[in-house]
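A.B. asks: query.cif (mmCIF, C-alpha atoms, pLDDT in the B column; chains and numbers go by the auth columns) pasted underneath:
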data_protein
loop_
_atom_site.group_PDB
_atom_site.id
_atom_site.type_symbol
_atom_site.label_atom_id
_atom_site.label_comp_id
_atom_site.label_asym_id
_atom_site.label_seq_id
_atom_site.Cartn_x
_atom_site.Cartn_y
_atom_site.Cartn_z
_atom_site.B_iso_or_equiv
_atom_site.auth_seq_id
_atom_site.auth_asym_id
ATOM 1 C CA MET A 1 -6.948 1.794 6.750 96.00 112 A
ATOM 2 C CA ALA A 2 -5.587 -1.460 5.353 98.00 113 A
ATOM 3 C CA LYS A 3 -4.645 -1.503 1.678 98.00 114 A
ATOM 4 C CA ALA A 4 -3.548 -4.119 -0.858 98.00 115 A
ATOM 5 C CA THR A 5 -1.652 -2.891 -3.938 98.00 116 A
ATOM 6 C CA TRP A 6 0.076 -4.430 -6.926 98.00 117 A
ATOM 7 C CA MET A 7 1.857 -2.517 -9.679 98.00 118 A
ATOM 8 C CA ARG A 8 0.941 0.752 -7.917 97.00 119 A
ATOM 9 C CA THR A 9 -2.762 -0.081 -8.240 98.00 120 A
ATOM 10 C CA VAL A 10 -5.064 -0.414 -5.233 98.00 121 A
ATOM 11 C CA LEU A 11 -6.747 -3.825 -5.262 98.00 122 A
ATOM 12 C CA ALA A 12 -8.576 -3.524 -1.928 98.00 123 A
ATOM 13 C CA GLU A 13 -8.854 -1.112 0.976 98.00 124 A
ATOM 14 C CA SER A 14 -10.787 -1.323 4.207 98.00 125 A
ATOM 15 C CA ALA A 15 -10.857 0.014 7.752 98.00 126 A
ATOM 16 C CA THR A 16 -11.870 -3.458 8.946 97.00 127 A
ATOM 17 C CA VAL A 17 -9.848 -6.584 8.174 98.00 128 A
ATOM 18 C CA GLU A 18 -9.375 -9.963 9.833 98.00 129 A
ATOM 19 C CA GLU A 19 -5.839 -11.114 10.620 97.00 130 A
ATOM 20 C CA VAL A 20 -5.086 -14.851 10.527 97.00 131 A
ATOM 21 C CA GLU A 21 -1.592 -16.337 10.600 95.00 132 A
ATOM 22 C CA GLY A 22 -0.056 -12.958 9.708 95.00 133 A
ATOM 23 C CA ASN A 23 -2.308 -12.444 6.669 97.00 134 A
ATOM 24 C CA LEU A 24 -4.844 -9.648 6.435 98.00 135 A
ATOM 25 C CA TYR A 25 -8.196 -10.747 5.021 98.00 136 A
ATOM 26 C CA PHE A 26 -10.199 -7.963 3.364 98.00 137 A
ATOM 27 C CA PRO A 27 -13.995 -8.003 3.193 98.00 138 A
ATOM 28 C CA GLU A 28 -15.174 -8.885 -0.306 97.00 139 A
ATOM 29 C CA ALA A 29 -16.940 -5.513 -0.566 97.00 140 A
ATOM 30 C CA ALA A 30 -13.514 -3.791 -0.255 98.00 141 A
ATOM 31 C CA LEU A 31 -12.217 -5.274 -3.527 98.00 142 A
ATOM 32 C CA HIS A 32 -11.825 -3.299 -6.740 98.00 143 A
ATOM 33 C CA LYS A 33 -13.403 -6.221 -8.596 98.00 144 A
ATOM 34 C CA GLU A 34 -12.268 -5.167 -12.066 98.00 145 A
ATOM 35 C CA HIS A 35 -8.799 -6.507 -11.161 98.00 146 A
ATOM 36 C CA PHE A 36 -9.918 -10.038 -10.193 98.00 147 A
ATOM 37 C CA LYS A 37 -10.416 -13.032 -12.479 98.00 148 A
ATOM 38 C CA ALA A 38 -11.612 -16.423 -11.287 97.00 149 A
ATOM 39 C CA SER A 39 -9.059 -19.229 -11.063 98.00 150 A
ATOM 40 C CA SER A 40 -9.712 -22.969 -10.917 98.00 151 A
ATOM 41 C CA HIS A 41 -6.829 -23.419 -8.445 98.00 152 A
ATOM 42 C CA THR A 42 -7.590 -24.655 -4.917 98.00 153 A
ATOM 43 C CA SER A 43 -5.560 -25.648 -1.877 98.00 154 A
ATOM 44 C CA PHE A 44 -6.439 -27.195 1.461 98.00 155 A
ATOM 45 C CA CYS A 45 -5.742 -26.115 5.038 97.00 156 A
ATOM 46 C CA PRO A 46 -6.583 -28.634 7.786 97.00 157 A
ATOM 47 C CA TRP A 47 -8.196 -26.050 10.064 97.00 158 A
ATOM 48 C CA LYS A 48 -9.557 -23.492 7.553 98.00 159 A
ATOM 49 C CA GLY A 49 -10.764 -25.752 4.747 98.00 160 A
ATOM 50 C CA THR A 50 -10.480 -25.456 0.963 98.00 161 A
ATOM 51 C CA ALA A 51 -9.125 -22.173 -0.394 98.00 162 A
ATOM 52 C CA HIS A 52 -10.140 -20.883 -3.806 98.00 163 A
ATOM 53 C CA TYR A 53 -8.119 -18.328 -5.773 98.00 164 A
ATOM 54 C CA TYR A 54 -8.310 -15.288 -8.020 98.00 165 A
ATOM 55 C CA HIS A 55 -5.790 -14.100 -10.565 98.00 166 A
ATOM 56 C CA VAL A 56 -5.020 -10.392 -10.185 98.00 167 A
ATOM 57 C CA GLU A 57 -4.811 -8.326 -13.388 98.00 168 A
ATOM 58 C CA VAL A 58 -3.524 -4.764 -13.776 98.00 169 A
ATOM 59 C CA ASP A 59 -2.737 -3.027 -17.068 97.00 170 A
ATOM 60 C CA GLY A 60 -2.684 -6.311 -18.994 96.00 171 A
ATOM 61 C CA GLU A 61 -0.322 -8.008 -16.506 98.00 172 A
ATOM 62 C CA ARG A 62 -1.530 -11.100 -14.633 98.00 173 A
ATOM 63 C CA ASN A 63 -0.417 -12.283 -11.202 98.00 174 A
ATOM 64 C CA GLU A 64 -1.552 -15.930 -11.129 98.00 175 A
ATOM 65 C CA ASN A 65 -3.479 -17.048 -8.038 98.00 176 A
ATOM 66 C CA ALA A 66 -2.394 -13.979 -6.068 98.00 177 A
ATOM 67 C CA ALA A 67 -5.565 -13.753 -3.969 98.00 178 A
ATOM 68 C CA TRP A 68 -7.355 -16.469 -2.022 98.00 179 A
ATOM 69 C CA TYR A 69 -10.520 -16.961 -0.024 98.00 180 A
ATOM 70 C CA TYR A 70 -12.456 -19.667 1.791 98.00 181 A
ATOM 71 C CA PRO A 71 -16.054 -19.838 0.502 98.00 182 A
ATOM 72 C CA GLU A 72 -16.990 -22.420 3.145 97.00 183 A
ATOM 73 C CA PRO A 73 -14.425 -22.222 5.949 98.00 184 A
ATOM 74 C CA LYS A 74 -14.418 -24.700 8.801 97.00 185 A
ATOM 75 C CA ASP A 75 -15.893 -23.538 12.120 97.00 186 A
ATOM 76 C CA ALA A 76 -12.500 -22.450 13.488 96.00 187 A
ATOM 77 C CA ALA A 77 -12.131 -19.979 10.582 97.00 188 A
ATOM 78 C CA LYS A 78 -15.714 -18.724 10.169 97.00 189 A
ATOM 79 C CA ARG A 79 -14.588 -15.121 10.763 97.00 190 A
ATOM 80 C CA ILE A 80 -12.810 -15.049 7.373 98.00 191 A
ATOM 81 C CA GLN A 81 -15.823 -16.166 5.376 98.00 192 A
ATOM 82 C CA GLY A 82 -16.481 -13.478 2.762 98.00 193 A
ATOM 83 C CA HIS A 83 -12.885 -12.202 3.044 98.00 194 A
ATOM 84 C CA ILE A 84 -9.921 -12.286 0.645 98.00 195 A
ATOM 85 C CA ALA A 85 -6.148 -12.379 1.367 98.00 196 A
ATOM 86 C CA PHE A 86 -3.137 -11.756 -0.872 98.00 197 A
ATOM 87 C CA TRP A 87 0.403 -12.949 -1.581 98.00 198 A
ATOM 88 C CA LYS A 88 2.814 -13.282 -4.546 98.00 199 A
ATOM 89 C CA GLY A 89 4.086 -9.716 -4.538 98.00 200 A
ATOM 90 C CA VAL A 90 0.857 -7.955 -3.584 98.00 201 A
ATOM 91 C CA GLU A 91 1.798 -5.371 -0.946 98.00 202 A
ATOM 92 C CA VAL A 92 -0.496 -5.298 2.056 98.00 203 A
ATOM 93 C CA SER A 93 -0.209 -2.519 4.630 97.00 204 A
ATOM 94 C CA ARG A 94 -2.146 -1.103 7.559 93.00 205 A
#
Go ahead and express the file in the form of structure tokens.

C.D. replies:
Amino acid sequence: MAKATWMRTVLAESATVEEVEGNLYFPEAALHKEHFKASSHTSFCPWKGTAHYYHVEVDGERNENAAWYYPEPKDAAKRIQGHIAFWKGVEVSR
């Protein structure tokens, strides 16, 4: 079971994840959505496309743009559509 945690709080957990470039991408249904707030931040990857971000919030603390996803990934990355990955101190384990 893969798990993403921040501040001792589980943000996502799933038996099925996609691994791309060392990052585990969790299915959207695995998120504990109460901890995610939309962000206007985006970034671009030449082979995956435009990434969009979420802020992660736990107990009044915010981790800016700590989760990302590709709503319309390029063909080479279609398997991560509907999946979310983490960074910025979020611990991800299998």

A.B. asks: Tell me, as a PDB file with C-alpha atoms, keeping the file's coordinate frame, which residues lie within 12 Å of stretch 170-175 of chain A, counting all atoms listed in the file; anything in the same chain fewer than 5 positions away does not count.

C.D. replies:
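Written file, selection_20.pdb:
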ATOM      1  CA  THR A 116      -1.652  -2.891  -3.938  1.00 98.00           C
ATOM      2  CA  TRP A 117       0.076  -4.430  -6.926  1.00 98.00           C
ATOM      3  CA  MET A 118       1.857  -2.517  -9.679  1.00 98.00           C
ATOM      4  CA  ARG A 119       0.941   0.752  -7.917  1.00 97.00           C
ATOM      5  CA  THR A 120      -2.762  -0.081  -8.240  1.00 98.00           C
ATOM      6  CA  GLU A 145     -12.268  -5.167 -12.066  1.00 98.00           C
ATOM      7  CA  HIS A 146      -8.799  -6.507 -11.161  1.00 98.00           C
ATOM      8  CA  PHE A 147      -9.918 -10.038 -10.193  1.00 98.00           C
ATOM      9  CA  LYS A 148     -10.416 -13.032 -12.479  1.00 98.00           C
ATOM     10  CA  ALA A 149     -11.612 -16.423 -11.287  1.00 97.00           C
ATOM     11  CA  SER A 150      -9.059 -19.229 -11.063  1.00 98.00           C
ATOM     12  CA  SER A 151      -9.712 -22.969 -10.917  1.00 98.00           C
ATOM     13  CA  HIS A 152      -6.829 -23.419  -8.445  1.00 98.00           C
ATOM     14  CA  TYR A 164      -8.119 -18.328  -5.773  1.00 98.00           C
ATOM     15  CA  TYR A 165      -8.310 -15.288  -8.020  1.00 98.00           C
ATOM     16  CA  PHE A 197      -3.137 -11.756  -0.872  1.00 98.00           C
ATOM     17  CA  TRP A 198       0.403 -12.949  -1.581  1.00 98.00           C
ATOM     18  CA  LYS A 199       2.814 -13.282  -4.546  1.00 98.00           C
ATOM     19  CA  GLY A 200       4.086  -9.716  -4.538  1.00 98.00           C
ATOM     20  CA  VAL A 201       0.857  -7.955  -3.584  1.00 98.00           C
TER      21      VAL A 201
END

A.B. asks: At what distance in Å, to one decimal, does atom CA of A:Tyr180 lie from atom CA of A:Thr127?

C.D. replies: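 So the two atoms, atom CA of A:Thr127 and atom CA of A:Tyr180, lie 16.3 Å apart.
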
A.B. asks: Kindly compute an axis-aligned box around the listed atoms of stretch 149-154 of chain A, allowing 3 Å on each side, and express its centre and edge lengths in Å to one decimal as JSON.

C.D. replies:
{"center_x": -8.6, "center_y": -21.0, "center_z": -6.6, "size_x": 12.1, "size_y": 15.2, "size_z": 15.4}

A.B. asks: Could you tell me how far atom CA of A:Ile191 lies from atom CA of A:Ser154, in Å and to one decimal?

C.D. replies: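 That distance, rounded to one decimal, is 15.8 Å.
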
A.B. asks: I'd like to see the residues matched by the PyMOL selection byres ((chain A and resi 194) around 12) on this file, and ideally I'd get them as an mmCIF file with C-alpha atoms, in the coordinates of the input.

C.D. replies:
data_model
loop_
_atom_site.group_PDB
_atom_site.id
_atom_site.type_symbol
_atom_site.label_atom_id
_atom_site.label_comp_id
_atom_site.auth_asym_id
_atom_site.auth_seq_id
_atom_site.Cartn_x
_atom_site.Cartn_y
_atom_site.Cartn_z
ATOM 1 C CA ALA A 123 -8.576 -3.524 -1.928
ATOM 2 C CA GLU A 124 -8.854 -1.112 0.976
ATOM 3 C CA SER A 125 -10.787 -1.323 4.207
ATOM 4 C CA THR A 127 -11.870 -3.458 8.946
ATOM 5 C CA VAL A 128 -9.848 -6.584 8.174
ATOM 6 C CA GLU A 129 -9.375 -9.963 9.833
ATOM 7 C CA GLU A 130 -5.839 -11.114 10.620
ATOM 8 C CA VAL A 131 -5.086 -14.851 10.527
ATOM 9 C CA ASN A 134 -2.308 -12.444 6.669
ATOM 10 C CA LEU A 135 -4.844 -9.648 6.435
ATOM 11 C CA TYR A 136 -8.196 -10.747 5.021
ATOM 12 C CA PHE A 137 -10.199 -7.963 3.364
ATOM 13 C CA PRO A 138 -13.995 -8.003 3.193
ATOM 14 C CA GLU A 139 -15.174 -8.885 -0.306
ATOM 15 C CA ALA A 140 -16.940 -5.513 -0.566
ATOM 16 C CA ALA A 141 -13.514 -3.791 -0.255
ATOM 17 C CA LEU A 142 -12.217 -5.274 -3.527
ATOM 18 C CA ALA A 162 -9.125 -22.173 -0.394
ATOM 19 C CA HIS A 163 -10.140 -20.883 -3.806
ATOM 20 C CA TYR A 164 -8.119 -18.328 -5.773
ATOM 21 C CA ALA A 178 -5.565 -13.753 -3.969
ATOM 22 C CA TRP A 179 -7.355 -16.469 -2.022
ATOM 23 C CA TYR A 180 -10.520 -16.961 -0.024
ATOM 24 C CA TYR A 181 -12.456 -19.667 1.791
ATOM 25 C CA PRO A 182 -16.054 -19.838 0.502
ATOM 26 C CA GLU A 183 -16.990 -22.420 3.145
ATOM 27 C CA PRO A 184 -14.425 -22.222 5.949
ATOM 28 C CA ALA A 188 -12.131 -19.979 10.582
ATOM 29 C CA LYS A 189 -15.714 -18.724 10.169
ATOM 30 C CA ARG A 190 -14.588 -15.121 10.763
ATOM 31 C CA ILE A 191 -12.810 -15.049 7.373
ATOM 32 C CA GLN A 192 -15.823 -16.166 5.376
ATOM 33 C CA GLY A 193 -16.481 -13.478 2.762
ATOM 34 C CA ILE A 195 -9.921 -12.286 0.645
ATOM 35 C CA ALA A 196 -6.148 -12.379 1.367
ATOM 36 C CA PHE A 197 -3.137 -11.756 -0.872
#

A.B. asks: Just to confirm, what's the straight-line distance from atom CA of A:Gly133 to atom CA of A:Lys114 in Å (one decimal)?

C.D. replies: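 According to the coordinates, atom CA of A:Gly133 and atom CA of A:Lys114 are separated by 14.7 Å.
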
A.B. asks: Choose the residue, out of A:Ala115, A:Phe155, A:Leu122, A:Gly160, that has the smallest atom-to-atom separation from A:Ala187; count all atoms listed in the file.

C.D. replies: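 Residue with the minimum atom-to-atom distance to A:Ala187: A:Gly160.
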
A.B. asks: With distances taken over only C-alpha atoms, which of A:Cys156, A:Val169, A:Asp186, A:Arg205 is nearest to A:Val121?

C.D. replies: A:Val169
